[in-house]
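Colleague: So that we are looking at the same thing, I have put the structure below in structure tokens.
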Amino acid sequence: MPAPLTPIPPLTPAHPLPEPTPRLLQPARFPRAVRFPRTTRLLHALRHPRTVPLPRHPAVLAWGLAAGFAALYTCVAVNRHRRGLTKAYDLGIFEQAIRAYAHGRAPIVPLKGPGYNLLGDHFHPLIATLAPVYRAFPSPLTLIVAQALLMALAVVPLTRWAHEVAGPRVALLVGCATGASWGIVRAAADDFHEIAFAVPLLAFTATALGRRRPLTAALWSLPLLLVKEDLGLTVAAVGLLIAWQAREDRRTPLPGLALAALGLAATALTVLVALPAFNPHGGFDYWQQLDGGGHATSWSTLRTAPLRLGWPPIKWLLLFLLAATTGFLGLRSPLVLLCAPTLAWRLISANPHYWGVSYHYSAVLMPIVFAALIDAVRRVQRTTAHHVQLPTTAHDAADTSHLPTTRPVRRALAVTALVTVVTLPLYPLHEVVMPEAWSTSPRLTETRAMLRLIPDDATVAASNHLAAQLTGRAEVTLVCQDPVGPGPEWVAVDLRDPSVQSPCATAATTRMVTAYRSHGYRLLVDRDDLLLLKRP
């Protein structure tokens, strides 16, 4: 009988090899030449994302963009003031108000009329927070720089949220598009207005709403009640969205409804009680703009107001440009409904300045439409992930930055970028690179020399653009206003001032200059349509 075979002991390597990874867990490797069907490529990208290295602190990108745009806004706005392009309406008005706040007085604004309390024009007590800064730096440039900083601050929450939703490239595009948006740029370069406070507040509010943080959104929205009387309606819209989100999440909608009621009550209280109490005429001056007839609003006017929403066609341009700014994708987000209150009163009004895309009125809409764009991108990304059954964790559902951008998102972002590039030369931000914007014309030199003849703390009646150069060091009224008492010590007029309709028509200015000369005012300067008169 043969001897049994002795089994050979297994060889033990000096350095044990790691156990092989199961094939199903190994990352898939595909040749570059292979072209997968669209669904397969998307599924592979979701499971094995080729991500761009993300900065650990998205705040660096957000605050960097904000600082850059703040510098651009400041350069443009300060240079426009240097060139004499700022006006009594509205830089001079707000400087007189904040100057009064800085010295502990009521915001009496002589540019609006004798003893006119500016809280009777619009309800904006929040501007008093600039009083300590103005007391330290008493200059119109203080207001201009403060507005630039406030406007640029809106870039921060939107950029950070875009980074969270779609990564750094989309965040960079959204941040740049927000900072260079036509509404914000026009406002940042146009004197000073109270809505400078509303722009960042709305950016933080809309971002918190998009992130489903109702308490944060409510807290950010409450200061809007102190910015302008109509923004109480926007606060009401925020409350309704909070209530709607609560119903979706199976929570009680009562807090959101309470905020909506507070917003409506605040608007009613300011328009019906506070503004008439401060207004020298005992009413709200802007009721008459609903019918254009100069009379108080009637029920018949309110009934016919919806018929004016879509006519004349210039209003279509406003709506189209707002939609195009979001690449039309933002219309899918409920956040865009926050625009409804502002658009409603602008389109119903009989004032044609409210209908177009000029002036500062669209600045408050910019953070809303860009928040709607980010929210729509998030919704598209999550829908795509749901179709391929990824991601499944709560963290992945909240953070979609690792997901690839889909074709609708890429198209929308391309349209947003295109609108930004096309509108950039149409608004003042391009003046940074225009050599002629930084030159000093001979007429500007003559204007400065004339204004230097006026001593500090003098009383001056001036035309619209000249007044903004004097409010920081003199008591200024408009030249077209009837004088009070002995009249101003000085009268400074630029007959080329383009403000031929409001606040001073050319005919009214000429009439008052003639009246001053008939009362013995001496003509000290008369050259190149610049006039300077001194009281005897």
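Chains: A, B, ... in order of the structure tokens. Residues: from 1 per chain. Ligands: from 1, in order shown.
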Which polymer residues have any atom within 8 Å of an atom of Asp90 in chain A, counting only C-alpha atoms, with same-chain residues fewer than 2 positions away left out, as a list in words?
Modeller: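 Near Asp90 in chain A, the qualifying residues are Lys87, Ala88, Gly92, Ile93, Phe94, Asp191, Phe192 and His193 of chain A.
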Colleague: Need the shell around Glu95 in chain A: protein/DNA/RNA residues with any atom at most 12 Å away, counting only C-alpha atoms. Skip same-chain ones fewer than 3 positions apart. Format as a ChimeraX atom specification?
Modeller: /A:86-92,98-102,107-111,118,127-128,130-131,134-135,137-144,191-194,467-476
Colleague: Counting only C-alpha atoms, what is within 12 Å of Trp316 in chain A, bar same-chain residues fewer than 5 positions away, as a list of chain:residue names?
Modeller: A:Arg308, A:Leu309, A:Gly310, A:Trp311, A:Leu321, A:Leu322, A:Ala323, A:Ala324, A:Leu343, A:Leu347, A:Trp355, A:Gly356, A:Val357
Colleague: With C-alpha atoms retained, export the selected residues as an mmCIF file, in the first residue's frame.
Modeller:
```cif
data_model
loop_
_atom_site.group_PDB
_atom_site.id
_atom_site.type_symbol
_atom_site.label_atom_id
_atom_site.label_comp_id
_atom_site.auth_asym_id
_atom_site.auth_seq_id
_atom_site.Cartn_x
_atom_site.Cartn_y
_atom_site.Cartn_z
ATOM 1 C CA ARG A 308 -52.780 98.642 -16.430
ATOM 2 C CA LEU A 309 -50.407 95.829 -15.470
ATOM 3 C CA GLY A 310 -49.401 94.942 -19.032
ATOM 4 C CA TRP A 311 -49.592 98.249 -20.871
ATOM 5 C CA LEU A 321 -35.309 91.175 -18.709
ATOM 6 C CA LEU A 322 -36.046 89.938 -15.195
ATOM 7 C CA ALA A 323 -36.850 86.455 -16.537
ATOM 8 C CA ALA A 324 -33.818 86.436 -18.842
ATOM 9 C CA LEU A 343 -43.745 94.565 -9.544
ATOM 10 C CA LEU A 347 -46.749 98.305 -13.049
ATOM 11 C CA TRP A 355 -42.119 100.831 -15.695
ATOM 12 C CA GLY A 356 -38.693 100.561 -17.290
ATOM 13 C CA VAL A 357 -35.260 99.208 -16.470
#
```
Colleague: Do a neighbour search on Trp438 in chain A at 10 Å with only C-alpha atoms, toss out local chain neighbours closer than 2 positions, and write the hits as a count of residues only.
Modeller: 13
Colleague: Could you give me the residues within range 345-516 of chain A that DSSP places in strand (DSSP E), as a PyMOL selection string?
Modeller: chain A and resi 459-462+475-478+490-494
Colleague: If you run DSSP over the backbone, which residues in range 72-200 of chain A end up alpha helix (DSSP H)? Put them as a PyMOL selection string.
Modeller: chain A and resi 72-82+93-102+131-136+140-153+155-166+168-179+182-188+195-200
Colleague: Record the distance separating CA of Pro486 in chain A and CA of Leu119 in chain A, expressed in Å with one decimal.
Modeller: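 For CA of Pro486 in chain A relative to CA of Leu119 in chain A, the distance reads 27.5 Å.
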